[in-house]
Each structure stands twice: as C-alpha cells, then as structure tokens.
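A short write-up of the structure that comes next.
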Amino acid sequence: MSLLPQRVFSGVQPTGNLHLGNYLGAISRFVALQQTHDCIYCVVDLHAITVPQKPSELVANIREVTAAFIACGVDPKRHIIFNQSQVAEHAELAWIFNCIARIGWLNRMTQFKEKAGKDRENASVGLYAYPTLMAADILIYRATHVPVGEDQKQHLELARDIAQKFNNDFAESITAAGHGDAFFPLPEPLIQGPATRVMSLRDGAKKMSKSDPSDNSRINLSDDADTIAQKVRRAKTDPEVLPSETPGLAGRPEADNLVGIYAALADGSKADVLREFGGANFSSFKGALVDLAVAKLGPIGADMRRLQADPDYIDEVLREGSRRARVIAAENMKAVKEIVGFIS
Ligand code: AQP
C-alpha cells in the first residue's frame with residue numbers, strides 16, 4: 001500500500017433546515033478533527049439538486065451551511081471550506097466511478113429507496129447516482145477519514161468498494177505510473193459519539209431530518225432560545241422515570257434519544273447522564289436539557305445570523321476554499337486520467 005497522509009473530508013447538503021442531528025452527528029465532529037488532521041469540509045450543492053431546488057433558496061442555503069461550519073468552530077484559514085460545484089473535478093471523477101460501480105451495488109442503497117419512495121420511475125438519475133458522486137467527493141482528495149452520521153454508513157461502504165475496484169481494475173497502470181499497488185485509500189467512516197443518529201422529537205423511530213414536514217420534529221440551528229425550549233418541552237416521551245443505567249433505555253427510543261442528545265451536548269456519555277438524572281422524571285430532565293441546549297446552540301445560532309448578514313464574506317471564504325481544494329483535486333484527477341488511459 002502507498003503511504004498517504006491522513007486527510008479528513010466530509011460534506012453537508014445545502015437543503016435548508018440544518019438541525020441538531022447534522023450538528024451532533026457531523027459538524028461537531030468536523031470541529032474536533034481539526035486538531036489532529038488536515039480537513040476539507042464541503043457544502044455539497046451538486047447533491048442538493050438531486051431533488052428540485054429553487055435557485056434563490058439554494059444560494060441562501062449554501063451560505064447557511066457555510067455560516068454553520070464557521071459558527072460551530074471550523075477554521076476556514078487552517079482548513080478548507082468550499083462548495084462542491086466550484087471544483088469541477090468532483091463531477092469528472094464521479095463519471096469515471098459511474099463506470100466502475102455496478103448497478104447491483106446501487107440497487108442496494110436504502111437512502112435511494114427511502115427518498116425515491118413509491119414513485120421511483122420519476123426520481124432523478126442524479127438521486128440514483130448520488131453515492132458515486134459522494135465517493136468522488138471523498139476520493140478526489142484521497143481522503144482517509146470521513147466523519148458522518150449513522151445514516152451515511154452504507155454510502156461510505158460503497159465508496160470503499162469503488163476505491164477497491166478501481167485499485168484492482170487498474171492495478172498494472174497504477175504501479176506503472178509510480179503509485180505503488182493502490183491509488184485510492186479505502187476511506188474510513190468516523191461514526192462517533194453518543195448521538196450518531198439523532199431521532200425526531202415527535203417519533204423516536206424516525207431520524208431527525210431536514211425534510212420532515214413537522215418543524216417540531218427537529219431543533220434547527222437557527223432556532224432561538226424560546227423555540228428550542230418549546231420543542232424540547234413538547235418532545236414525545238414515555239410515562240416512566242429515567243433509568244440509572246444504559247440497559248434501562250432499551251425499548252424506550254424517545255428516552256434514549258433525549259439522553260443521547262444531552263450526553264453529546266455535554267461532551268459526555270449516556271452513562272454519565274443517567275448517573276446524574278437516573279430516577280428523575282422527564283419534566284425536570286427536559287428543564288436541564290433546555291438549559292444545556294440553549295447554552296450550546298444559542299451562540300451558534302447568533303453567530304450564524306451575524307455571518308449570514310455578510311454574504312460577501314461567506315462567498316469569499318467559499319471562493320478561497322475552492323481555489324485551495326482545486327489544487328489538490330486537479331493533481332489527483334491528472335493522475336487518474338493517466339491511470340485510466342486518457343491523453344491530457
Ligand atoms: N438525524 C441525524 N443524526 C445524526 N447525524 C445526522 N446527519 C443527518 N441527519 C442526522 C448527518 O449530517 C450530515 C449531513 O447530512 P446531509 O446534509 O448530507 O443530508 P441528510 O443525511 O440527507 O440530512 P437529513 O436531515 O436527513 O436530510 P433529508 O431530510 O433530506 O434526508 C451527514 O453526515 C449525516 O449523516
């Protein structure tokens with residue numbers, strides 16, 4: 001294997017309603033990894049148009065995600081923040097990966113099945129091919145680690161399969177071009193912490209999601225303190241008190257979810273939370289959760305609003321990040337073209 005430096009890549013779709021799940025499952029992890037890795041964080045706008053988007057809303061949503069990255073603590077000077085459509089190599093490599101990935105592999109993707117629903121014939125080709133573009137997003141930087149929520153695990157496995165098949169199919173050419181016996185690393189998912197799958201506040205069996213028609217199902221990063229308090233107080237629970245140990249959360253999805261959210265916001269574990277709140281009823285636990293959520297998310301929301309009021313600054317961050325991303329992507333794309341046998 002060639003020895004590649006460790007590099008982190010991840011992305012968030014600019015599809016509006018950025019929520020606590022996106023923060024705890026992904027963006028808060030992005031922030032932590034900055035201390036130990038070179039990081040590239042992408043606003044994946046090409047993915048957003050796999051379902052219809054209004055152009056004016058898409059522009060605002062791209063700026064919202066960028067503002068969220070910065071407000072949560074990603075440093076655009078030390079690391080790279082950019083939007084995907086400014087680096088054409090993502091789409092270029094995705095085409096090559098469309099020719100590597102097998103239809104049978106894509107047919108197994110559960111996110112496509114869920115998002116396309118019953119009207120599958122009418123879903124866009126882009127929605128179906130989404131995972132090959134995601135593999136290209138990661139591998140165009142030869143990234144080694146990808147922080148994501150639980151729901152992206154299957155897509156990451158597909159990215160690894162694509163990298164492996166590319167390395168196998170072109171093994172001779174890879175070696176001849178001086179890249180050792182593998183050009184792409186097999187990217188590792190980093191699915192970490194007590195809130196890798198934050199559930200809806202209205203239904204403990206459903207993932208908290210941007211597209212849930214009920215705004216009460218999620219805490220948006222843009223919610224003010226009163227709204228956060230109202231949503232937490234109205235969150236579905238069960239009639240029991242909180243258990244003192246984690247096995248007591250089994251079969252209690254809503255309780256498990258709120259305890260996981262508290263643990264992640266407090267930078268602790270579910271066991272820590274239950275040590276403190278075991279035996280408490282939900283009204284007192286929810287009171288503590290409101291205080292913690294407002295203390296953590298309030299400043300992020302305020303900073304996002306401040307940043308979004310200065311679109312020129314945000315656009316400059318994206319331009320500069322894209323310029324730096326393009327340097328890495330162009331070099332890797334040049335090597336891929338040589339490996340595949342294109343003249344350039
Ligand atoms: N509920 C969640 N819990 C933990 N992590 C989550 N992520 C999303 N939802 C949760 C993680 O956030 C990152 C960015 O997600 P995305 O913007 O690419 O899109 P998504 O997963 O499709 O987000 P939604 O909210 O679920 O959107 P819709 O409603 O359109 O399906 C990813 O790392 C994801 O794992």
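Naming scheme: A, B, ... for chains in displayed order of the structure tokens; residues 1 onward per chain; ligands 1 onward as shown.
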**OP:** Excluding region 54-58 of chain A and any residue of its chain fewer than 4 positions from it, enumerate the residues within 8 Å of it, using only C-alpha atoms, and give them as a ChimeraX atom specification.
**Re:** /A:14-15,45,62
**OP:** Find the residues near ligand 1. Use a cut-off of 7 Å, count only C-alpha atoms and all ligand atoms, and write them as a ChimeraX atom specification.
**Re:** /A:11-15,18-19,21-26,147-152,195-199,207-212
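Residues of region 101-293 of chain A that DSSP places in strand (DSSP E), based on the backbone of this structure, are A:His145, A:Val146, A:Pro147, A:Glu188, A:Pro189, A:Leu190.
Among A:Asp75, A:Glu188, A:Asp291, A:Glu276, the residue with the shortest atom-to-atom distance to Arg233 (chain A), counting only C-alpha atoms, is A:Asp291.
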**OP:** Please identify all polymer residues within 12 Å of Ala71 (chain A), counting only C-alpha atoms, omitting same-chain residues fewer than 3 positions from it, and present them as a PyMOL selection string.
**Re:** chain A and resi 23+27-28+31+63-68+74-76+221-222+296-308+314
Residues as selected, N, CA, C and O atoms, written as a short mmCIF file (atom, residue, chain, number, x, y, z; two decimals), in the first residue's frame, can you do that?
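Result written to part-v6.cif:
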data_model
loop_
_atom_site.label_atom_id
_atom_site.label_comp_id
_atom_site.auth_asym_id
_atom_site.auth_seq_id
_atom_site.Cartn_x
_atom_site.Cartn_y
_atom_site.Cartn_z
N TYR A 23 -25.67 18.73 13.36
CA TYR A 23 -24.63 19.27 14.25
C TYR A 23 -23.95 18.16 15.05
O TYR A 23 -22.73 18.01 15.02
N ILE A 27 -21.25 17.99 12.11
CA ILE A 27 -20.46 19.24 12.18
C ILE A 27 -19.64 19.34 13.46
O ILE A 27 -18.49 19.79 13.44
N SER A 28 -20.18 18.88 14.59
CA SER A 28 -19.39 18.96 15.84
C SER A 28 -18.16 18.04 15.75
O SER A 28 -17.12 18.33 16.33
N VAL A 31 -15.37 19.75 13.78
CA VAL A 31 -14.63 20.72 14.59
C VAL A 31 -13.54 19.99 15.37
O VAL A 31 -12.38 20.40 15.38
N ARG A 63 -25.07 29.45 1.68
CA ARG A 63 -24.46 30.39 2.65
C ARG A 63 -24.79 29.97 4.08
O ARG A 63 -23.97 30.13 4.98
N GLU A 64 -25.99 29.41 4.30
CA GLU A 64 -26.37 28.99 5.66
C GLU A 64 -25.43 27.86 6.16
O GLU A 64 -24.95 27.91 7.29
N VAL A 65 -25.17 26.87 5.30
CA VAL A 65 -24.30 25.77 5.74
C VAL A 65 -22.89 26.29 5.98
O VAL A 65 -22.23 25.91 6.96
N THR A 66 -22.43 27.17 5.11
CA THR A 66 -21.08 27.74 5.30
C THR A 66 -21.00 28.49 6.62
O THR A 66 -20.05 28.32 7.40
N ALA A 67 -22.04 29.29 6.89
CA ALA A 67 -22.08 30.04 8.15
C ALA A 67 -22.10 29.07 9.33
O ALA A 67 -21.44 29.29 10.35
N ALA A 68 -22.82 27.96 9.19
CA ALA A 68 -22.90 26.98 10.29
C ALA A 68 -21.53 26.36 10.54
O ALA A 68 -21.12 26.21 11.69
N VAL A 74 -15.38 25.57 12.73
CA VAL A 74 -14.42 25.18 11.69
C VAL A 74 -13.65 26.43 11.28
O VAL A 74 -14.24 27.48 11.05
N ASP A 75 -12.34 26.29 11.19
CA ASP A 75 -11.47 27.43 10.88
C ASP A 75 -11.14 27.42 9.38
O ASP A 75 -10.38 26.56 8.92
N PRO A 76 -11.72 28.35 8.61
CA PRO A 76 -11.52 28.31 7.15
C PRO A 76 -10.11 28.70 6.72
O PRO A 76 -9.77 28.56 5.54
N LEU A 221 -30.66 24.71 13.76
CA LEU A 221 -29.55 25.51 14.29
C LEU A 221 -29.92 26.99 14.31
O LEU A 221 -29.32 27.77 15.05
N SER A 222 -30.93 27.37 13.55
CA SER A 222 -31.34 28.78 13.52
C SER A 222 -32.42 29.09 14.57
O SER A 222 -32.84 30.23 14.70
N LYS A 296 -25.59 25.84 24.53
CA LYS A 296 -24.69 25.38 23.45
C LYS A 296 -25.08 25.95 22.09
O LYS A 296 -24.22 26.35 21.30
N LEU A 297 -26.39 25.93 21.79
CA LEU A 297 -26.82 26.27 20.43
C LEU A 297 -27.09 27.76 20.25
O LEU A 297 -27.00 28.28 19.13
N GLY A 298 -27.43 28.45 21.37
CA GLY A 298 -27.74 29.89 21.28
C GLY A 298 -26.61 30.67 20.61
O GLY A 298 -26.85 31.36 19.59
N PRO A 299 -25.37 30.55 21.10
CA PRO A 299 -24.28 31.30 20.48
C PRO A 299 -24.02 30.90 19.02
O PRO A 299 -23.65 31.74 18.20
N ILE A 300 -24.25 29.62 18.70
CA ILE A 300 -24.04 29.18 17.30
C ILE A 300 -25.06 29.87 16.40
O ILE A 300 -24.71 30.42 15.35
N GLY A 301 -26.32 29.86 16.82
CA GLY A 301 -27.37 30.50 16.02
C GLY A 301 -27.08 31.98 15.84
O GLY A 301 -27.22 32.52 14.73
N ALA A 302 -26.66 32.64 16.92
CA ALA A 302 -26.39 34.08 16.85
C ALA A 302 -25.24 34.35 15.88
O ALA A 302 -25.29 35.27 15.06
N ASP A 303 -24.21 33.52 15.94
CA ASP A 303 -23.06 33.71 15.06
C ASP A 303 -23.44 33.42 13.60
O ASP A 303 -22.96 34.10 12.69
N MET A 304 -24.30 32.43 13.41
CA MET A 304 -24.75 32.15 12.04
C MET A 304 -25.49 33.35 11.46
O MET A 304 -25.25 33.74 10.31
N ARG A 305 -26.36 33.96 12.27
CA ARG A 305 -27.11 35.14 11.78
C ARG A 305 -26.15 36.28 11.44
O ARG A 305 -26.29 36.95 10.42
N ARG A 306 -25.14 36.48 12.30
CA ARG A 306 -24.17 37.55 12.06
C ARG A 306 -23.43 37.30 10.73
O ARG A 306 -23.28 38.19 9.90
N LEU A 307 -23.00 36.06 10.53
CA LEU A 307 -22.24 35.73 9.31
C LEU A 307 -23.12 35.83 8.06
O LEU A 307 -22.69 36.33 7.03
N GLN A 308 -24.37 35.35 8.19
CA GLN A 308 -25.26 35.37 7.03
C GLN A 308 -25.62 36.80 6.62
O GLN A 308 -26.01 37.03 5.48
N ILE A 314 -18.89 35.42 3.27
CA ILE A 314 -19.11 33.97 3.08
C ILE A 314 -18.68 33.54 1.68
O ILE A 314 -17.99 32.53 1.51
#
